[in-house]
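Accompanying notes for the structure given below.
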Amino acid sequence: QISWTLLLILGYLFYLLLGAMVLQLLEKQAETHFWDQFQLEKLKFLQNYTYLDRQALEQFVQVLMEAWEKGVNPEGNSTNLSNWDFSNSFFFAGTVVTTIVYGNLFPSTVAGQIFCVFYTLIGVPLNLAFLNQLGKGLNAHLIILERRVQKPAHAQVQLAILLTTGTLLFLVFPPFVFSYIESWSYGESLYFTFITLSTIGFGDYVVSTNPNKPYISVYRSLTTIWIGFGLAWLALVFNVGADLMEKFLQLKWHKPVLSLAGEATIKLEDEPEQPRIHIPS
Amino acid sequence: VLLLAYVGYVGLGAGVLQALERPAEVQAAQHLLQQHWELLANHTCLQGPALQRLIEGIIQAYKSGITLQGNTTSLGRWDFSGSFFFSISAITTIGYGNLSPSTVAGRIFCILFALFGIPLNLVLLNEIGQLMLLGVQHCARCLEEVFHWQKKASLLIKTCALVTGLLLFLLLPPLLFSDKEGWSYEEGFYYSFITLSTIGFGDYVIGMNPDHTYPGWYKNVISLWILFGMAWLALVIKFCINFLE
């Protein structure tokens, strides 16, 4: 058991190293480019307005940053739009509970931060229980479908169809909608979709945050609903993947199956983080 | 019923956050506006559109993750240690967002990387969690044999494990952070919790202060802490869910 875990840890570490190397290769140049560009912009600006001292400009940049961190978007002109009106707060609360959290907006008051901590303590398990229920429901349907089918090959085809439909519905189609409404490219929208549904939520792209665009009020609600169902489906996919990975590695390395003593109070058939769906093979 | 509770809970959070955050936001917006107009007023041949363009440029740069203040560069975000930390934040789904790929190739790679990395992460967390549980049960059995306690041993051991985990992963790390990052204890705790729950706001991120020097082992130790802390927290949450059911 210990040697298996060690192998897993090594594999995990190696995977991280691989990611780090590749990303560094791809991103370093762009970063340097951005930095140079920005310095040039500042210089040009100062050149055009020679009496504007550097200190005033730096101070202004500081104020901009603080405003940005508080969720105020300096690009827009109107102060009527708020990040903390009810509709936006609802969207934010949703991102907290699903742990997506884009980070373009976060509580800046101490009270807000404290509230977030407690809110998460209850909200994340609630979210997991909710997803678990949805997952169980989906799994039950899968089993029913499985039983109706005579040949195992048909079952696999059904699974493939199900996966494809889900992919189309939650991953391939929504980016079209987003790219139309947000004026992003399809690639950017797809990137946003994936980063959201995997609950990573970088926050470099967030829907309904452009101050220059007129959004209909249900847009955010629809997005939230999409996130809910997309999450349940993606959790299913990830768990199928993890399941297959475990079975494959079990087969290959004869990993000892964990057996607990008789009086174990908790049965470890469930994934700690997400609902574990077992595909009957 | 669960759906209703879920929606209701999110609504509740929305209401509270709105009440708490709106005033601060209004204040920040007013301050910004004031500064904006002051700048324009003090330098009368500075034009509105030019300033607007500069603002856009600043925001763009900020979104790309560049620290803008002063002249010193905080480059080296995409150096190896930065990229490594980013990889972790991706496959654990924490996703701080202070650093995110801006090239198309980087993004495509990120998607594929996460697609395989997240299940890998789940499997590993599960393994670590199981090992932890095994260890706890082993201790409980040892205690029972040595002291001839019955049910009490199990409960005692579980409580001990919970407290140890709490200390190790949630209560002690903020001390380290306040030493290395200069945060207050509350800020360190807030960061610990937000990280281990995989929420990852990104308002606090370790190792990002250009004025501090960090020892070589720092980021690696933090990575280990994230891994084991997440496994422990996930185990605790699982216990809670099972207990509720």
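Just so we're on the same page: first chain in the structure tokens is A, next is B, and so on; residues restart at 1 for each chain, and ligands are numbered from 1 in the order they show up.
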
Would you give me, as a tab-separated table, each residue of chain B having an atom within 6 Å of an atom of chain A, along with its shortest atom pair and that distance in Å to one decimal, using only C-alpha atoms and sorting by chain and residue number?
```
residue	atom	partner	partner_atom	distance
B:Val10	CA	A:Ala93	CA	5.6
B:Gly11	CA	A:Phe90	CA	5.9
B:Gly13	CA	A:Ala93	CA	5.7
B:Ala14	CA	A:Phe90	CA	4.4
B:Gln18	CA	A:Trp84	CA	5.0
B:Leu20	CA	A:Gly112	CA	5.8
B:Arg22	CA	A:Trp84	CA	5.5
B:Ala28	CA	A:Ala67	CA	5.6
B:Trp78	CA	A:Gln24	CA	5.3
B:Ser83	CA	A:Ala20	CA	4.5
B:Phe84	CA	A:Ala20	CA	4.4
B:Ser87	CA	A:Gly19	CA	5.9
B:Thr93	CA	A:Ile200	CA	4.0
B:Ile94	CA	A:Ile200	CA	5.6
B:Gly95	CA	A:Ile200	CA	4.6
B:Tyr96	CA	A:Phe202	CA	5.9
B:Gly97	CA	A:Phe202	CA	3.9
B:Gly106	CA	A:Leu26	CA	5.7
B:Pro119	CA	A:Ala242	CA	4.9
B:Ile199	CA	A:Thr99	CA	4.3
B:Phe201	CA	A:Gly103	CA	4.5
B:Gly202	CA	A:Gly103	CA	5.8
B:Ala234	CA	A:Pro272	CA	5.3
B:Leu235	CA	A:Pro272	CA	5.9
B:Lys238	CA	A:Pro272	CA	5.8
```

Store the residues picked out above in a file with N, CA, C and O atoms, as a CSV table (one decimal), in the first residue's frame.
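Just written: again_37.csv:
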```csv
chain,number,residue,atom,x,y,z
B,10,VAL,N,-27.6,30.1,-1.2
B,10,VAL,CA,-26.9,31.0,-2.1
B,10,VAL,C,-27.5,32.4,-2.0
B,10,VAL,O,-26.8,33.4,-2.0
B,11,GLY,N,-28.9,32.4,-2.0
B,11,GLY,CA,-29.6,33.7,-1.9
B,11,GLY,C,-29.2,34.4,-0.6
B,11,GLY,O,-29.0,35.6,-0.6
B,13,GLY,N,-26.5,34.1,1.2
B,13,GLY,CA,-25.1,34.6,1.1
B,13,GLY,C,-25.1,35.9,0.3
B,13,GLY,O,-24.4,36.9,0.6
B,14,ALA,N,-25.9,35.9,-0.8
B,14,ALA,CA,-25.9,37.1,-1.6
B,14,ALA,C,-26.4,38.3,-0.9
B,14,ALA,O,-25.8,39.4,-0.9
B,18,GLN,N,-24.0,41.5,0.0
B,18,GLN,CA,-24.4,42.8,-0.5
B,18,GLN,C,-24.4,43.9,0.6
B,18,GLN,O,-23.8,45.0,0.4
B,20,LEU,N,-22.7,43.9,3.3
B,20,LEU,CA,-21.4,44.1,3.9
B,20,LEU,C,-20.5,44.9,2.9
B,20,LEU,O,-19.7,45.7,3.3
B,22,ARG,N,-21.2,46.5,-0.2
B,22,ARG,CA,-21.6,47.7,-1.0
B,22,ARG,C,-21.0,49.0,-0.6
B,22,ARG,O,-20.5,49.8,-1.4
B,28,ALA,N,-14.8,53.3,-2.5
B,28,ALA,CA,-13.6,53.1,-3.4
B,28,ALA,C,-13.9,53.8,-4.7
B,28,ALA,O,-13.0,54.4,-5.3
B,78,TRP,N,6.6,33.8,-14.3
B,78,TRP,CA,6.6,32.6,-15.1
B,78,TRP,C,8.0,31.9,-15.0
B,78,TRP,O,8.4,31.2,-15.9
B,83,SER,N,5.8,28.9,-12.3
B,83,SER,CA,5.0,28.0,-13.1
B,83,SER,C,4.6,26.8,-12.4
B,83,SER,O,3.5,26.2,-12.6
B,84,PHE,N,5.5,26.3,-11.5
B,84,PHE,CA,5.2,25.1,-10.7
B,84,PHE,C,4.0,25.3,-9.8
B,84,PHE,O,3.1,24.5,-9.7
B,87,SER,N,0.9,25.4,-11.8
B,87,SER,CA,0.4,24.0,-12.1
B,87,SER,C,-0.3,23.5,-11.0
B,87,SER,O,-1.4,22.8,-11.1
B,93,THR,N,-7.5,22.7,-8.6
B,93,THR,CA,-8.7,23.6,-8.9
B,93,THR,C,-8.7,24.8,-8.0
B,93,THR,O,-9.8,25.4,-7.9
B,94,ILE,N,-7.7,25.1,-7.3
B,94,ILE,CA,-7.7,26.3,-6.5
B,94,ILE,C,-7.8,27.5,-7.4
B,94,ILE,O,-8.7,28.4,-7.2
B,95,GLY,N,-6.9,27.6,-8.4
B,95,GLY,CA,-7.0,28.7,-9.4
B,95,GLY,C,-7.0,30.1,-8.9
B,95,GLY,O,-7.9,30.8,-9.0
B,96,TYR,N,-5.9,30.5,-8.3
B,96,TYR,CA,-5.8,31.8,-7.7
B,96,TYR,C,-6.1,32.9,-8.8
B,96,TYR,O,-6.8,33.9,-8.5
B,97,GLY,N,-5.6,32.7,-9.9
B,97,GLY,CA,-5.9,33.7,-11.0
B,97,GLY,C,-4.9,34.9,-11.0
B,97,GLY,O,-5.0,35.7,-11.9
B,106,GLY,N,-0.5,28.4,-24.4
B,106,GLY,CA,-0.5,28.2,-23.0
B,106,GLY,C,-1.8,27.8,-22.5
B,106,GLY,O,-2.0,27.0,-21.6
B,119,PRO,N,-8.3,14.6,-12.4
B,119,PRO,CA,-8.5,13.3,-11.9
B,119,PRO,C,-7.3,12.7,-11.2
B,119,PRO,O,-7.5,12.0,-10.1
B,199,ILE,N,-11.1,27.2,-2.9
B,199,ILE,CA,-11.8,28.4,-3.4
B,199,ILE,C,-10.8,29.3,-4.1
B,199,ILE,O,-10.9,29.6,-5.3
B,201,PHE,N,-9.4,32.8,-3.8
B,201,PHE,CA,-9.7,34.1,-4.4
B,201,PHE,C,-8.5,34.7,-5.1
B,201,PHE,O,-8.7,35.2,-6.2
B,202,GLY,N,-7.4,34.6,-4.6
B,202,GLY,CA,-6.2,35.3,-5.2
B,202,GLY,C,-6.0,36.6,-4.7
B,202,GLY,O,-5.1,37.3,-5.2
B,234,ALA,N,-10.7,17.4,3.1
B,234,ALA,CA,-11.7,16.6,2.4
B,234,ALA,C,-12.2,15.4,3.2
B,234,ALA,O,-13.4,15.1,3.2
B,235,LEU,N,-11.3,14.8,4.0
B,235,LEU,CA,-11.6,13.7,4.9
B,235,LEU,C,-12.6,14.2,5.9
B,235,LEU,O,-13.6,13.6,6.2
B,238,LYS,N,-16.0,14.8,4.4
B,238,LYS,CA,-16.6,13.5,4.2
B,238,LYS,C,-17.2,13.0,5.4
B,238,LYS,O,-18.3,12.5,5.4
```

(request) Find the spatial neighbours of B:Trp232, counting only C-alpha atoms, within a cut-off of 8 Å - ignore same-chain residues fewer than 4 positions away - and output them as a list in words. (result)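 What passes the distance filter is Gly129, Met132, Gly165, Phe228 and Val236 of chain B.
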
(message) Which residue is closest to B:Tyr191? Choose from B:Ala114, B:Val163, B:Val123, B:Ile226 and count only C-alpha atoms.
(response)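 Result for the nearest residue to B:Tyr191: B:Ile226.
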
(message) Would you pick out the contacts of stretch 221-231 of chain A at 6 Å or less, using only C-alpha atoms, so that residues sharing its chain but fewer than 3 positions from it are not included, and give the list as a PyMOL selection string?
(response) chain A and resi 170+197+218+234-235

(message) Which residue is closest to B:Tyr204? Choose from B:Gly216, B:Gly8, B:Gly229, B:Gly188 and count only C-alpha atoms.
(response)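 Answer, going by the shortest atom-to-atom distance: B:Gly188.
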
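We find atom CA of B:Met230 and atom CA of B:Thr92 to be spaced 8.8 Å apart.
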
(request) Name all residues at most 12 Å from B:Pro174 (count only C-alpha atoms; drop same-chain ones fewer than 6 positions away) and give them as a ChimeraX atom specification. (result) /B:166-168,180-193,195,206,222,225

For B:Phe113: contacts at 8 Å, only C-alpha atoms, fewer than 4 positions along chain excluded, given as an mmCIF file with N, CA, C and O atoms, in the first residue's frame:
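That gives us result.cif:
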```
data_model
loop_
_atom_site.group_PDB
_atom_site.id
_atom_site.type_symbol
_atom_site.label_atom_id
_atom_site.label_comp_id
_atom_site.auth_asym_id
_atom_site.auth_seq_id
_atom_site.Cartn_x
_atom_site.Cartn_y
_atom_site.Cartn_z
ATOM 1 N N GLY A 19 4.190 20.215 -16.216
ATOM 2 C CA GLY A 19 3.346 21.380 -16.449
ATOM 3 C C GLY A 19 4.109 22.668 -16.273
ATOM 4 O O GLY A 19 4.004 23.590 -17.091
ATOM 5 N N ILE B 91 -4.323 22.078 -11.059
ATOM 6 C CA ILE B 91 -4.880 20.738 -10.910
ATOM 7 C C ILE B 91 -5.539 20.498 -9.560
ATOM 8 O O ILE B 91 -6.313 19.558 -9.412
ATOM 9 N N PHE B 109 -2.715 24.252 -23.656
ATOM 10 C CA PHE B 109 -1.972 23.320 -22.806
ATOM 11 C C PHE B 109 -2.599 23.236 -21.421
ATOM 12 O O PHE B 109 -2.725 22.157 -20.848
ATOM 13 N N GLY B 117 -4.927 16.273 -15.186
ATOM 14 C CA GLY B 117 -4.359 16.524 -13.876
ATOM 15 C C GLY B 117 -5.365 16.481 -12.750
ATOM 16 O O GLY B 117 -5.052 16.046 -11.645
#
```

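Interatomic distance, atom CA of A:Pro174 against atom CA of A:Ser208: 14.3 Å.
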
(request) Do a neighbour search on B:Ser223 at 9 Å with only C-alpha atoms, toss out local chain neighbours closer than 5 positions, and write the hits as a PyMOL selection string. (result) chain B and resi 85+88+218+228
